[in-house]
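Peer 1: Input structure: input-v1.pdb, which contains PDB, C-alpha atoms.
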```pdb
ATOM      1  CA  SER A   1       0.963  14.362 -11.893  1.00  0.00           C
ATOM      2  CA  SER A   2      -0.974  11.806  -9.878  1.00  0.00           C
ATOM      3  CA  VAL A   3      -2.231   8.536 -11.322  1.00  0.00           C
ATOM      4  CA  PHE A   4      -5.257   6.849  -9.815  1.00  0.00           C
ATOM      5  CA  SER A   5      -5.289   3.748 -12.027  1.00  0.00           C
ATOM      6  CA  VAL A   6      -3.250   1.743 -14.525  1.00  0.00           C
ATOM      7  CA  GLN A   7      -5.276   3.466 -17.256  1.00  0.00           C
ATOM      8  CA  ASP A   8      -4.184   6.871 -15.911  1.00  0.00           C
ATOM      9  CA  ALA A   9      -0.566   5.685 -15.945  1.00  0.00           C
ATOM     10  CA  GLU A  10      -0.914   4.495 -19.542  1.00  0.00           C
ATOM     11  CA  LEU A  11      -2.183   7.914 -20.582  1.00  0.00           C
ATOM     12  CA  LEU A  12       0.425   9.833 -18.591  1.00  0.00           C
ATOM     13  CA  LYS A  13       3.388   7.816 -19.917  1.00  0.00           C
ATOM     14  CA  GLU A  14       2.622   9.287 -23.349  1.00  0.00           C
ATOM     15  CA  VAL A  15       3.315  12.741 -21.927  1.00  0.00           C
ATOM     16  CA  VAL A  16       5.974  12.288 -19.247  1.00  0.00           C
ATOM     17  CA  THR A  17       8.327   9.540 -18.114  1.00  0.00           C
ATOM     18  CA  ASP A  18      10.229  11.157 -15.282  1.00  0.00           C
ATOM     19  CA  TYR A  19       8.104  11.502 -12.146  1.00  0.00           C
ATOM     20  CA  VAL A  20       4.674  10.251 -11.224  1.00  0.00           C
ATOM     21  CA  LYS A  21       2.812  10.514  -7.937  1.00  0.00           C
ATOM     22  CA  ILE A  22       0.867   7.673  -6.384  1.00  0.00           C
ATOM     23  CA  PRO A  23      -1.845   9.372  -4.283  1.00  0.00           C
ATOM     24  CA  SER A  24      -2.449   8.321  -0.684  1.00  0.00           C
ATOM     25  CA  PHE A  25      -5.518   6.218  -1.284  1.00  0.00           C
ATOM     26  CA  GLU A  26      -3.672   4.225  -3.992  1.00  0.00           C
ATOM     27  CA  SER A  27      -0.462   3.818  -1.985  1.00  0.00           C
ATOM     28  CA  ARG A  28      -1.395   0.218  -1.226  1.00  0.00           C
ATOM     29  CA  ASN A  29      -2.193  -0.627  -4.858  1.00  0.00           C
ATOM     30  CA  GLU A  30       0.696  -2.969  -5.627  1.00  0.00           C
ATOM     31  CA  ILE A  31      -0.427  -3.498  -9.234  1.00  0.00           C
ATOM     32  CA  LEU A  32      -0.468   0.249  -9.953  1.00  0.00           C
ATOM     33  CA  ILE A  33       2.860   0.884  -8.209  1.00  0.00           C
ATOM     34  CA  LEU A  34       4.689  -1.936 -10.012  1.00  0.00           C
ATOM     35  CA  HIS A  35       3.162  -0.864 -13.338  1.00  0.00           C
ATOM     36  CA  CYS A  36       4.392   2.703 -12.801  1.00  0.00           C
ATOM     37  CA  LEU A  37       7.910   1.479 -11.980  1.00  0.00           C
ATOM     38  CA  LYS A  38       8.069   0.026 -15.506  1.00  0.00           C
ATOM     39  CA  TYR A  39       7.347   3.329 -17.233  1.00  0.00           C
ATOM     40  CA  PHE A  40       8.440   6.172 -14.977  1.00  0.00           C
ATOM     41  CA  ASN A  41      11.904   7.029 -13.698  1.00  0.00           C
ATOM     42  CA  HIS A  42      10.775   7.913 -10.174  1.00  0.00           C
ATOM     43  CA  LEU A  43       7.660   7.367  -8.076  1.00  0.00           C
ATOM     44  CA  LEU A  44       6.487   9.722  -5.344  1.00  0.00           C
ATOM     45  CA  ILE A  45       4.331   7.587  -3.053  1.00  0.00           C
ATOM     46  CA  SER A  46       2.084   9.515  -0.698  1.00  0.00           C
ATOM     47  CA  THR A  47       1.643   7.688   2.620  1.00  0.00           C
ATOM     48  CA  GLY A  48      -1.502   9.369   3.950  1.00  0.00           C
ATOM     49  CA  THR A  49      -4.268   6.898   4.885  1.00  0.00           C
ATOM     50  CA  SER A  50      -1.666   4.112   5.300  1.00  0.00           C
ATOM     51  CA  THR A  51      -0.776   2.262   8.481  1.00  0.00           C
ATOM     52  CA  TRP A  52       2.836   1.745   9.487  1.00  0.00           C
ATOM     53  CA  ASP A  53       2.613  -1.944   8.562  1.00  0.00           C
ATOM     54  CA  GLU A  54       1.199  -1.047   5.142  1.00  0.00           C
ATOM     55  CA  MET A  55       4.075   1.385   4.559  1.00  0.00           C
ATOM     56  CA  LYS A  56       6.567  -1.323   5.509  1.00  0.00           C
ATOM     57  CA  LEU A  57       4.890  -3.651   3.024  1.00  0.00           C
ATOM     58  CA  ILE A  58       5.051  -1.022   0.267  1.00  0.00           C
ATOM     59  CA  THR A  59       8.794  -0.581   0.715  1.00  0.00           C
ATOM     60  CA  SER A  60       9.442  -4.323   1.013  1.00  0.00           C
ATOM     61  CA  PHE A  61       7.961  -5.262  -2.358  1.00  0.00           C
ATOM     62  CA  LEU A  62       9.664  -2.411  -4.215  1.00  0.00           C
ATOM     63  CA  ASN A  63      13.030  -3.756  -5.282  1.00  0.00           C
ATOM     64  CA  SER A  64      14.187  -0.342  -6.416  1.00  0.00           C
ATOM     65  CA  ASP A  65      15.576   2.944  -5.186  1.00  0.00           C
ATOM     66  CA  ARG A  66      13.502   4.831  -7.771  1.00  0.00           C
ATOM     67  CA  PHE A  67      10.854   5.979  -5.327  1.00  0.00           C
ATOM     68  CA  SER A  68      10.350   8.389  -2.477  1.00  0.00           C
ATOM     69  CA  LEU A  69       7.868   8.259   0.376  1.00  0.00           C
ATOM     70  CA  LEU A  70       5.873  11.430   0.949  1.00  0.00           C
ATOM     71  CA  HIS A  71       4.579  12.151   4.423  1.00  0.00           C
ATOM     72  CA  CYS A  72       0.949  13.194   4.087  1.00  0.00           C
ATOM     73  CA  VAL A  73      -2.106  13.720   6.218  1.00  0.00           C
ATOM     74  CA  SER A  74      -5.055  13.258   3.860  1.00  0.00           C
ATOM     75  CA  SER A  75      -7.256  16.015   5.234  1.00  0.00           C
ATOM     76  CA  TYR A  76      -8.239  18.924   3.011  1.00  0.00           C
ATOM     77  CA  PRO A  77      -7.283  21.433   4.254  1.00  0.00           C
ATOM     78  CA  CYS A  78      -5.133  19.972   7.003  1.00  0.00           C
ATOM     79  CA  ASN A  79      -4.863  21.766  10.334  1.00  0.00           C
ATOM     80  CA  PHE A  80      -1.407  22.496  11.717  1.00  0.00           C
ATOM     81  CA  ASP A  81      -2.074  20.620  14.968  1.00  0.00           C
ATOM     82  CA  ILE A  82      -2.441  17.266  13.169  1.00  0.00           C
ATOM     83  CA  ILE A  83       0.285  17.611  10.510  1.00  0.00           C
ATOM     84  CA  ASN A  84       2.707  15.345  12.467  1.00  0.00           C
ATOM     85  CA  LEU A  85       5.999  16.356  10.807  1.00  0.00           C
ATOM     86  CA  PRO A  86       8.097  14.074  13.085  1.00  0.00           C
ATOM     87  CA  ARG A  87       6.636  11.140  11.109  1.00  0.00           C
ATOM     88  CA  ILE A  88       9.100  12.156   8.346  1.00  0.00           C
ATOM     89  CA  ASP A  89      11.954  10.814  10.485  1.00  0.00           C
ATOM     90  CA  ASP A  90      10.079   7.526  10.849  1.00  0.00           C
ATOM     91  CA  LEU A  91       9.600   7.280   7.085  1.00  0.00           C
ATOM     92  CA  LYS A  92      13.370   7.683   6.654  1.00  0.00           C
ATOM     93  CA  LYS A  93      13.774   4.439   8.589  1.00  0.00           C
ATOM     94  CA  LEU A  94      11.785   2.684   5.860  1.00  0.00           C
ATOM     95  CA  HIS A  95      13.401   4.435   2.918  1.00  0.00           C
ATOM     96  CA  GLY A  96      16.047   7.143   2.733  1.00  0.00           C
ATOM     97  CA  SER A  97      14.299   9.345   0.195  1.00  0.00           C
ATOM     98  CA  VAL A  98      11.375  11.234   1.723  1.00  0.00           C
ATOM     99  CA  GLY A  99       9.216  14.230   0.988  1.00  0.00           C
ATOM    100  CA  PHE A 100       6.168  16.072   2.243  1.00  0.00           C
ATOM    101  CA  SER A 101       2.741  16.325   0.638  1.00  0.00           C
ATOM    102  CA  ASP A 102       1.415  19.441   2.342  1.00  0.00           C
ATOM    103  CA  HIS A 103      -2.316  20.175   2.480  1.00  0.00           C
ATOM    104  CA  THR A 104      -2.114  22.996   5.034  1.00  0.00           C
ATOM    105  CA  GLN A 105      -2.898  26.581   4.127  1.00  0.00           C
ATOM    106  CA  GLY A 106       0.163  28.716   3.447  1.00  0.00           C
ATOM    107  CA  ILE A 107       3.779  27.611   3.235  1.00  0.00           C
ATOM    108  CA  GLU A 108       4.744  27.451   6.916  1.00  0.00           C
ATOM    109  CA  ALA A 109       4.464  23.656   7.307  1.00  0.00           C
ATOM    110  CA  SER A 110       6.422  23.134   4.081  1.00  0.00           C
ATOM    111  CA  VAL A 111       9.167  25.466   5.301  1.00  0.00           C
ATOM    112  CA  LEU A 112       9.339  23.612   8.630  1.00  0.00           C
ATOM    113  CA  SER A 113       9.543  20.270   6.805  1.00  0.00           C
ATOM    114  CA  LEU A 114      12.850  21.384   5.294  1.00  0.00           C
ATOM    115  CA  GLY A 115      14.427  20.894   8.736  1.00  0.00           C
ATOM    116  CA  TYR A 116      13.582  17.190   8.428  1.00  0.00           C
ATOM    117  CA  GLY A 117      15.621  16.893   5.249  1.00  0.00           C
ATOM    118  CA  VAL A 118      12.802  16.350   2.784  1.00  0.00           C
ATOM    119  CA  GLU A 119      13.830  16.014  -0.853  1.00  0.00           C
ATOM    120  CA  TYR A 120      10.391  16.810  -2.260  1.00  0.00           C
ATOM    121  CA  ILE A 121       7.542  19.110  -1.323  1.00  0.00           C
ATOM    122  CA  GLU A 122       4.158  18.803  -2.943  1.00  0.00           C
ATOM    123  CA  LYS A 123       1.825  21.783  -2.619  1.00  0.00           C
ATOM    124  CA  HIS A 124      -1.386  22.418  -4.484  1.00  0.00           C
ATOM    125  CA  PHE A 125      -1.063  25.542  -6.636  1.00  0.00           C
ATOM    126  CA  THR A 126      -3.677  27.978  -7.933  1.00  0.00           C
ATOM    127  CA  ILE A 127      -3.945  31.453  -9.366  1.00  0.00           C
ATOM    128  CA  ASP A 128      -7.093  32.224  -7.362  1.00  0.00           C
ATOM    129  CA  ASN A 129      -8.226  30.753  -4.023  1.00  0.00           C
ATOM    130  CA  ASP A 130     -11.828  31.642  -4.912  1.00  0.00           C
ATOM    131  CA  LEU A 131     -11.966  29.334  -7.938  1.00  0.00           C
ATOM    132  CA  PRO A 132     -14.327  26.352  -7.580  1.00  0.00           C
ATOM    133  CA  GLY A 133     -13.086  23.067  -6.132  1.00  0.00           C
ATOM    134  CA  ARG A 134     -11.922  22.111  -2.660  1.00  0.00           C
ATOM    135  CA  ASP A 135      -8.181  22.234  -3.471  1.00  0.00           C
ATOM    136  CA  ASN A 136      -8.203  25.880  -4.546  1.00  0.00           C
ATOM    137  CA  LYS A 137      -9.224  26.952  -1.036  1.00  0.00           C
ATOM    138  CA  PHE A 138      -5.907  25.841   0.484  1.00  0.00           C
ATOM    139  CA  ALA A 139      -3.658  25.929  -2.590  1.00  0.00           C
ATOM    140  CA  ILE A 140      -0.808  28.412  -2.616  1.00  0.00           C
ATOM    141  CA  LEU A 141      -0.698  31.420  -4.898  1.00  0.00           C
ATOM    142  CA  PRO A 142       2.214  32.425  -7.173  1.00  0.00           C
ATOM    143  CA  ASP A 143       3.777  34.776  -4.592  1.00  0.00           C
ATOM    144  CA  GLU A 144       3.709  31.989  -1.978  1.00  0.00           C
ATOM    145  CA  MET A 145       5.281  29.563  -4.458  1.00  0.00           C
ATOM    146  CA  LYS A 146       8.058  32.084  -5.035  1.00  0.00           C
ATOM    147  CA  ARG A 147       8.641  32.486  -1.284  1.00  0.00           C
ATOM    148  CA  LEU A 148       8.675  28.701  -0.777  1.00  0.00           C
ATOM    149  CA  SER A 149      11.212  28.352  -3.570  1.00  0.00           C
ATOM    150  CA  GLU A 150      13.399  30.989  -1.882  1.00  0.00           C
ATOM    151  CA  TYR A 151      13.191  29.131   1.449  1.00  0.00           C
ATOM    152  CA  ILE A 152      14.230  25.898  -0.262  1.00  0.00           C
ATOM    153  CA  LYS A 153      17.285  27.603  -1.762  1.00  0.00           C
ATOM    154  CA  ILE A 154      18.234  29.051   1.651  1.00  0.00           C
ATOM    155  CA  SER A 155      17.677  25.669   3.314  1.00  0.00           C
ATOM    156  CA  ASP A 156      20.042  23.985   0.867  1.00  0.00           C
ATOM    157  CA  ARG A 157      22.712  26.488   1.864  1.00  0.00           C
ATOM    158  CA  VAL A 158      22.235  26.505   5.649  1.00  0.00           C
ATOM    159  CA  MET A 159      21.899  22.706   5.900  1.00  0.00           C
ATOM    160  CA  ASP A 160      25.183  22.125   4.018  1.00  0.00           C
ATOM    161  CA  SER A 161      27.595  20.756   6.604  1.00  0.00           C
ATOM    162  CA  LYS A 162      30.919  22.524   6.957  1.00  0.00           C
ATOM    163  CA  GLY A 163      32.411  19.978   9.350  1.00  0.00           C
ATOM    164  CA  MET A 164      33.099  20.030  13.073  1.00  0.00           C
ATOM    165  CA  ASP A 165      35.927  22.578  13.287  1.00  0.00           C
ATOM    166  CA  TYR A 166      35.751  26.324  12.935  1.00  0.00           C
ATOM    167  CA  GLN A 167      35.511  27.711   9.435  1.00  0.00           C
ATOM    168  CA  LYS A 168      38.122  29.723   7.584  1.00  0.00           C
ATOM    169  CA  CYS A 169      35.925  32.846   7.832  1.00  0.00           C
ATOM    170  CA  GLU A 170      36.297  32.630  11.648  1.00  0.00           C
ATOM    171  CA  LEU A 171      40.109  32.725  11.613  1.00  0.00           C
ATOM    172  CA  ASP A 172      40.316  36.496  12.195  1.00  0.00           C
ATOM    173  CA  SER A 173      38.013  36.291  15.229  1.00  0.00           C
ATOM    174  CA  ARG A 174      39.908  33.293  16.568  1.00  0.00           C
ATOM    175  CA  GLU A 175      43.310  34.956  16.249  1.00  0.00           C
ATOM    176  CA  ASN A 176      42.407  38.534  17.178  1.00  0.00           C
ATOM    177  CA  TYR A 177      39.662  38.229  19.777  1.00  0.00           C
ATOM    178  CA  THR A 178      40.485  35.144  21.833  1.00  0.00           C
ATOM    179  CA  GLY A 179      41.306  36.349  25.373  1.00  0.00           C
ATOM    180  CA  ARG A 180      40.630  39.989  24.516  1.00  0.00           C
ATOM    181  CA  PHE A 181      37.668  40.351  26.868  1.00  0.00           C
ATOM    182  CA  ASN A 182      39.202  38.655  29.915  1.00  0.00           C
ATOM    183  CA  GLY A 183      39.153  41.828  31.998  1.00  0.00           C
TER     184      GLY A 183
END
```
Can the structure in the file be given as structure tokens, please?
Peer 2:
Amino acid sequence: SSVFSVQDAELLKEVVTDYVKIPSFESRNEILILHCLKYFNHLLISTGTSTWDEMKLITSFLNSDRFSLLHCVSSYPCNFDIINLPRIDDLKKLHGSVGFSDHTQGIEASVLSLGYGVEYIEKHFTIDNDLPGRDNKFAILPDEMKRLSEYIKISDRVMDSKGMDYQKCELDSRENYTGRFNG
């Protein structure tokens, strides 16, 4: 859940103490961020609307590893041509734990962000895109959430390094096919 003020954080800490999100337009609110560090185990700090220097400042005053930076473009909905996923690699230079706050329609940008090693993906969720409110128009539906979850599980498997040498499952091909097609 996102907190927009210290008062929001006070209310939310009565319900949950694990994760809290600092929305983009509060990502420079040092008082709110430090207050949340006292009461929540982990902060997800959205970096949309922030300059590079402001992001550096955010990470410099946080004397903790209990936060992650979320790449975000604060446009609702966000077009694919301005999503700027390579910025995720830049955020890793500031702090090792990164994620993606995705305001595009569908799950494609979120799936592509997995290749950048994100630990968190935030997507708006709805049961009906025709419900009132701007977020419902680009929020994902239950079937899309299921597909995104499946992609995340696959990504965890395919991105797991097996080292530099051939794998044991390749031994048969190595022993029985090397040189076989040399005319």
Peer 1: Counting all atoms listed in the file, what is within 8 Å of Leu114 in chain A, bar same-chain residues fewer than 4 positions away, as a PyMOL selection string?
Peer 2: chain A and resi 110+118+152+155
Peer 1: Just to confirm, what's the straight-line distance from CA of Pro142 in chain A to CA of Asp128 in chain A in Å (one decimal)?
Peer 2: 9.3 Å
Peer 1: Could you build a table of the residues in range 78-157 of chain A lying no more than 12 Å from range 13-30 of chain A, giving for each the nearest pair of atoms and their separation in Å rounded to one decimal place, using all atoms listed in the file, ordered by chain and ascending residue number, as a tab-separated table?
Peer 2:
```
residue	atom	partner	partner_atom	distance
A:Gly99	CA	A:Lys21	CA	11.6
A:Phe100	CA	A:Ser24	CA	12.0
A:Ser101	CA	A:Ser24	CA	9.6
A:Tyr120	CA	A:Lys21	CA	11.4
A:Ile121	CA	A:Lys21	CA	11.8
A:Glu122	CA	A:Lys21	CA	9.8
```
Peer 1: Could you please take those selected residues and save C-alpha atoms as a PDB file, keeping the file's coordinate frame?
Peer 2:
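So part.pdb came out as:
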```
ATOM      1  CA  GLY A  99       9.216  14.230   0.988  1.00  0.00           C
ATOM      2  CA  PHE A 100       6.168  16.072   2.243  1.00  0.00           C
ATOM      3  CA  SER A 101       2.741  16.325   0.638  1.00  0.00           C
ATOM      4  CA  TYR A 120      10.391  16.810  -2.260  1.00  0.00           C
ATOM      5  CA  ILE A 121       7.542  19.110  -1.323  1.00  0.00           C
ATOM      6  CA  GLU A 122       4.158  18.803  -2.943  1.00  0.00           C
TER       7      GLU A 122
END
```
Peer 1: Could you work out an axis-aligned bounding box for all listed atoms of range 171-181 of chain A, with 5 Å added on each of the six sides, and give its centre and edge lengths in Å to one decimal, as AutoDock Vina command-line options?
Peer 2:
```
--center_x 40.5 --center_y 36.5 --center_z 19.2 --size_x 15.6 --size_y 17.6 --size_z 25.3
```
Peer 1: Counting all atoms listed in the file, which of A:Lys168, A:His71, A:Arg174, A:Arg134 gets nearest to Glu119 in chain A?
Peer 2: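 Of the candidates, the smallest distance to Glu119 in chain A is held by A:His71.
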Peer 1: Could you list, as a CSV table (one decimal) with C-alpha atoms, keeping the file's coordinate frame, every residue within 10 Å of Leu148 in chain A, counting all atoms listed in the file and ignoring same-chain residues fewer than 3 positions away?
Peer 2:
```
chain,number,residue,atom,x,y,z
A,106,GLY,CA,0.2,28.7,3.4
A,107,ILE,CA,3.8,27.6,3.2
A,108,GLU,CA,4.7,27.5,6.9
A,110,SER,CA,6.4,23.1,4.1
A,111,VAL,CA,9.2,25.5,5.3
A,121,ILE,CA,7.5,19.1,-1.3
A,123,LYS,CA,1.8,21.8,-2.6
A,140,ILE,CA,-0.8,28.4,-2.6
A,142,PRO,CA,2.2,32.4,-7.2
A,143,ASP,CA,3.8,34.8,-4.6
A,144,GLU,CA,3.7,32.0,-2.0
A,145,MET,CA,5.3,29.6,-4.5
A,151,TYR,CA,13.2,29.1,1.4
A,152,ILE,CA,14.2,25.9,-0.3
A,153,LYS,CA,17.3,27.6,-1.8
A,154,ILE,CA,18.2,29.1,1.7
```
Peer 1: Which value, in Å to one decimal, gives the distance between CA of Ser60 in chain A and CA of His95 in chain A?
Peer 2: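 Result for CA of Ser60 in chain A versus CA of His95 in chain A: 9.8 Å, one decimal.
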Peer 1: List the residues sitting within 12 Å of (-10.8, 26.7, -3.6) in the file's frame, using all atoms listed in the file, as a list in words.
Peer 2: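 Every residue inside that radius is included here: Tyr76, Pro77, Gln105, His124, Phe125, Thr126, Ile127, Asp128, Asn129, Asp130, Leu131, Pro132, Gly133, Arg134, Asp135, Asn136, Lys137, Phe138, Ala139, Ile140 and Leu141 of chain A.
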Peer 1: Rounded to one decimal in Å, what is the spacing between CA of Gly96 in chain A and CA of Ser46 in chain A?
Peer 2: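 Distance between the two atoms: 14.6 Å.
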Peer 1: With distances taken over all atoms listed in the file, which of A:Leu32, A:Ala109, A:Leu12, A:Ile88 is nearest to Gly48 in chain A?
Peer 2: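 Among the listed residues, A:Ile88 lies closest to Gly48 in chain A.
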Peer 1: Would you write out, as a tab-separated table, a table of all residues in range 63-109 of chain A that have an atom no more than 10 Å from an atom of range 49-59 of chain A, listing for each the closest atom pair and the distance in Å to one decimal, considering only C-alpha atoms and ordering rows by chain and rising residue number?
Peer 2:
```
residue	atom	partner	partner_atom	distance
A:Asn63	CA	A:Thr59	CA	8.0
A:Ser64	CA	A:Thr59	CA	8.9
A:Asp65	CA	A:Thr59	CA	9.7
A:Phe67	CA	A:Thr59	CA	9.2
A:Ser68	CA	A:Thr59	CA	9.6
A:Leu69	CA	A:Thr59	CA	8.9
A:Cys72	CA	A:Thr49	CA	8.2
A:Val73	CA	A:Thr49	CA	7.3
A:Ser74	CA	A:Thr49	CA	6.5
A:Ser75	CA	A:Thr49	CA	9.6
A:Asp90	CA	A:Trp52	CA	9.4
A:Leu91	CA	A:Met55	CA	8.5
A:Lys93	CA	A:Lys56	CA	9.7
A:Leu94	CA	A:Lys56	CA	6.6
A:His95	CA	A:Thr59	CA	7.2
```
Peer 1: Rank A:Leu43, A:Cys78, A:Glu150, A:Leu62 by their smallest atom-to-atom distance to Val98 in chain A, using only C-alpha atoms, and report the top residue only.
Peer 2: A:Leu43
Peer 1: Go through A:Leu70, A:Glu10, A:Asn176, A:Gly115 and flag the residue nearest Asp156 in chain A, using only C-alpha atoms for the distances.
Peer 2: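 Of A:Leu70, A:Glu10, A:Asn176, A:Gly115, the one nearest Asp156 in chain A is A:Gly115, counting only C-alpha atoms.
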Peer 1: Can you take the partial range 105-113 of chain A, add all heavy atoms, and return it as a compact mmCIF listing (two decimals), keeping the file's coordinate frame?
Peer 2:
```txt
# COMPACT_ATOMS: atom_id res chain seq x y z
N GLN A 105 -2.86 25.29 4.79
CA GLN A 105 -2.90 26.58 4.13
C GLN A 105 -1.57 27.29 4.35
O GLN A 105 -0.96 27.17 5.41
CB GLN A 105 -4.05 27.42 4.66
CG GLN A 105 -5.39 26.85 4.24
CD GLN A 105 -6.56 27.73 4.62
OE1 GLN A 105 -6.73 28.03 5.79
NE2 GLN A 105 -7.34 28.11 3.63
N GLY A 106 -1.10 28.00 3.34
CA GLY A 106 0.16 28.72 3.45
C GLY A 106 1.35 27.81 3.20
O GLY A 106 1.22 26.67 2.76
N ILE A 107 2.54 28.35 3.49
CA ILE A 107 3.78 27.61 3.24
C ILE A 107 4.53 27.25 4.51
O ILE A 107 5.58 26.61 4.45
CB ILE A 107 4.71 28.39 2.29
CG1 ILE A 107 5.16 29.72 2.91
CG2 ILE A 107 4.04 28.60 0.93
CD1 ILE A 107 6.26 30.43 2.15
N GLU A 108 4.00 27.63 5.66
CA GLU A 108 4.74 27.45 6.92
C GLU A 108 5.11 26.00 7.19
O GLU A 108 6.25 25.69 7.55
CB GLU A 108 3.95 28.04 8.09
CG GLU A 108 3.80 29.54 8.06
CD GLU A 108 2.71 30.05 7.11
OE1 GLU A 108 1.96 29.23 6.54
OE2 GLU A 108 2.62 31.27 6.94
N ALA A 109 4.17 25.07 7.04
CA ALA A 109 4.46 23.66 7.31
C ALA A 109 5.51 23.13 6.33
O ALA A 109 6.40 22.36 6.71
CB ALA A 109 3.19 22.82 7.26
N SER A 110 5.42 23.56 5.07
CA SER A 110 6.42 23.13 4.08
C SER A 110 7.81 23.64 4.45
O SER A 110 8.80 22.91 4.36
CB SER A 110 6.04 23.64 2.69
OG SER A 110 4.95 22.95 2.18
N VAL A 111 7.88 24.89 4.89
CA VAL A 111 9.17 25.47 5.30
C VAL A 111 9.73 24.68 6.48
O VAL A 111 10.90 24.33 6.51
CB VAL A 111 9.03 26.97 5.63
CG1 VAL A 111 10.28 27.51 6.31
CG2 VAL A 111 8.70 27.76 4.37
N LEU A 112 8.88 24.37 7.47
CA LEU A 112 9.34 23.61 8.63
C LEU A 112 9.77 22.20 8.25
O LEU A 112 10.68 21.64 8.85
CB LEU A 112 8.24 23.57 9.70
CG LEU A 112 7.96 24.93 10.36
CD1 LEU A 112 6.70 24.85 11.20
CD2 LEU A 112 9.15 25.39 11.17
N SER A 113 9.16 21.62 7.22
CA SER A 113 9.54 20.27 6.80
C SER A 113 10.97 20.22 6.27
O SER A 113 11.60 19.17 6.29
CB SER A 113 8.56 19.73 5.75
OG SER A 113 8.79 20.30 4.48
```
